[in-house]
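> Mind having a look at this structure? Questions to follow.
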Amino acid sequence: MPIAVDIDVMLARRKMSVGELAERVGITPANLAVLKNGRAKAVRFSTLAALCEVLECQPGDLLRWEAGAETGAAPEAEPGAGSQAGVGAGSQAGAGAAVGADG
């Protein structure tokens, strides 16, 4: 994914544990791990704001864009591959997680 998450960097700078951050932000440690490890597909602004408040940082300190990183887009079908190419892409249940403050 071209968006990298640097929560672990801020945790180290603040000498804070994942458990303490999760408790102070109001999300489960499991949801924080999903976000921290880059497996989340979305993050609520309210969660991002809470992370920034607790870590005393800006959103750009936690998230950054990496040029040339995998985008996760499905490859385009070759000509003549059929009219159904790409139908249903991204519709897998449970393929990602949305991390929220009500977590």
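Naming scheme: A, B, ... for chains in displayed order of the structure tokens; residues 1 onward per chain; ligands 1 onward as shown.
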Can I get the residues of range 28-57 of chain A within 7 Å of range 16-22 of chain A, each with the closest pair of atoms and their distance in Å to one decimal, using only C-alpha atoms, sorted chain first then ascending number, as CSV?


```
residue,atom,partner,partner_atom,distance
A:Thr28,CA,A:Ala22,CA,5.8
A:Pro29,CA,A:Ala22,CA,5.4
A:Leu32,CA,A:Ala22,CA,6.3
```

> Please produce a file of those selected residues containing all heavy atoms, as a PDB file, in the first residue's frame.


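Once everything was written out, this is selection.pdb:
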```
ATOM      1  N   THR A  28      -9.246  -0.780  20.709  1.00  0.00           N
ATOM      2  CA  THR A  28      -8.662  -2.015  21.212  1.00  0.00           C
ATOM      3  C   THR A  28      -7.217  -2.137  20.747  1.00  0.00           C
ATOM      4  O   THR A  28      -6.844  -1.614  19.685  1.00  0.00           O
ATOM      5  CB  THR A  28      -9.441  -3.242  20.704  1.00  0.00           C
ATOM      6  OG1 THR A  28      -9.294  -3.337  19.279  1.00  0.00           O
ATOM      7  CG2 THR A  28     -10.913  -3.166  21.080  1.00  0.00           C
ATOM      8  N   PRO A  29      -6.381  -2.815  21.529  1.00  0.00           N
ATOM      9  CA  PRO A  29      -4.996  -3.054  21.078  1.00  0.00           C
ATOM     10  C   PRO A  29      -4.955  -3.790  19.737  1.00  0.00           C
ATOM     11  O   PRO A  29      -4.076  -3.526  18.916  1.00  0.00           O
ATOM     12  CB  PRO A  29      -4.398  -3.904  22.202  1.00  0.00           C
ATOM     13  CG  PRO A  29      -5.194  -3.525  23.411  1.00  0.00           C
ATOM     14  CD  PRO A  29      -6.597  -3.282  22.896  1.00  0.00           C
ATOM     15  N   LEU A  32      -5.540  -1.237  17.025  1.00  0.00           N
ATOM     16  CA  LEU A  32      -4.347  -0.401  16.905  1.00  0.00           C
ATOM     17  C   LEU A  32      -3.249  -1.164  16.170  1.00  0.00           C
ATOM     18  O   LEU A  32      -2.545  -0.588  15.332  1.00  0.00           O
ATOM     19  CB  LEU A  32      -3.859   0.056  18.283  1.00  0.00           C
ATOM     20  CG  LEU A  32      -2.643   0.983  18.261  1.00  0.00           C
ATOM     21  CD1 LEU A  32      -2.889   2.237  17.425  1.00  0.00           C
ATOM     22  CD2 LEU A  32      -2.255   1.371  19.682  1.00  0.00           C
TER      23      LEU A  32
END
```

> What's around Gly60 in chain A at 10 Å? Count only C-alpha atoms, leave out sequence neighbours fewer than 6 positions away in its own chain, and write the answer as a CSV table (one decimal) with N, CA, C and O atoms, in the first residue's frame.


```
chain,number,residue,atom,x,y,z
A,5,VAL,N,2.4,3.8,7.6
A,5,VAL,CA,2.0,4.2,9.0
A,5,VAL,C,3.2,4.2,9.9
A,5,VAL,O,3.8,3.1,10.0
A,6,ASP,N,3.5,5.3,10.5
A,6,ASP,CA,4.6,5.4,11.4
A,6,ASP,C,4.3,5.6,12.9
A,6,ASP,O,4.9,6.3,13.6
A,52,CYS,N,-3.3,11.8,17.3
A,52,CYS,CA,-2.5,13.0,17.3
A,52,CYS,C,-2.5,13.7,18.6
A,52,CYS,O,-1.5,14.2,19.1
```

> Can you work out which one of A:Ala30, A:Gly68, A:Arg24, A:Lys36 has the shortest atom-to-atom distance to Glu53 in chain A, counting only C-alpha atoms?

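Once distances to Glu53 in chain A are computed over only C-alpha atoms, the minimum belongs to A:Arg24.
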
> State, in Å with one decimal place, the distance from CA of Arg39 in chain A to CA of Ala12 in chain A.

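Computing the Euclidean distance for CA of Arg39 in chain A and CA of Ala12 in chain A yields 20.1 Å.
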
> Taking only C-alpha atoms into account, which of A:Pro2, A:Glu23, A:Glu66, A:Asn31 comes nearest Val43 in chain A?

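The answer is A:Asn31, which sits nearest to Val43 in chain A.
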
> Just give me the gap between CA of Ile3 in chain A and CA of Arg64 in chain A in Å, one decimal is fine.

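Spanning CA of Ile3 in chain A to CA of Arg64 in chain A is a straight-line distance of 5.6 Å.
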
> Which distance in Å separates CA of Leu63 in chain A and CA of Ala4 in chain A, to one decimal?

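It comes out at 5.7 Å.
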
> Taking only C-alpha atoms into account, which of A:Leu35, A:Leu11, A:Met1, A:Val25 comes nearest Asp61 in chain A?

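Using only C-alpha atoms, Asp61 in chain A sits closest to A:Leu11.
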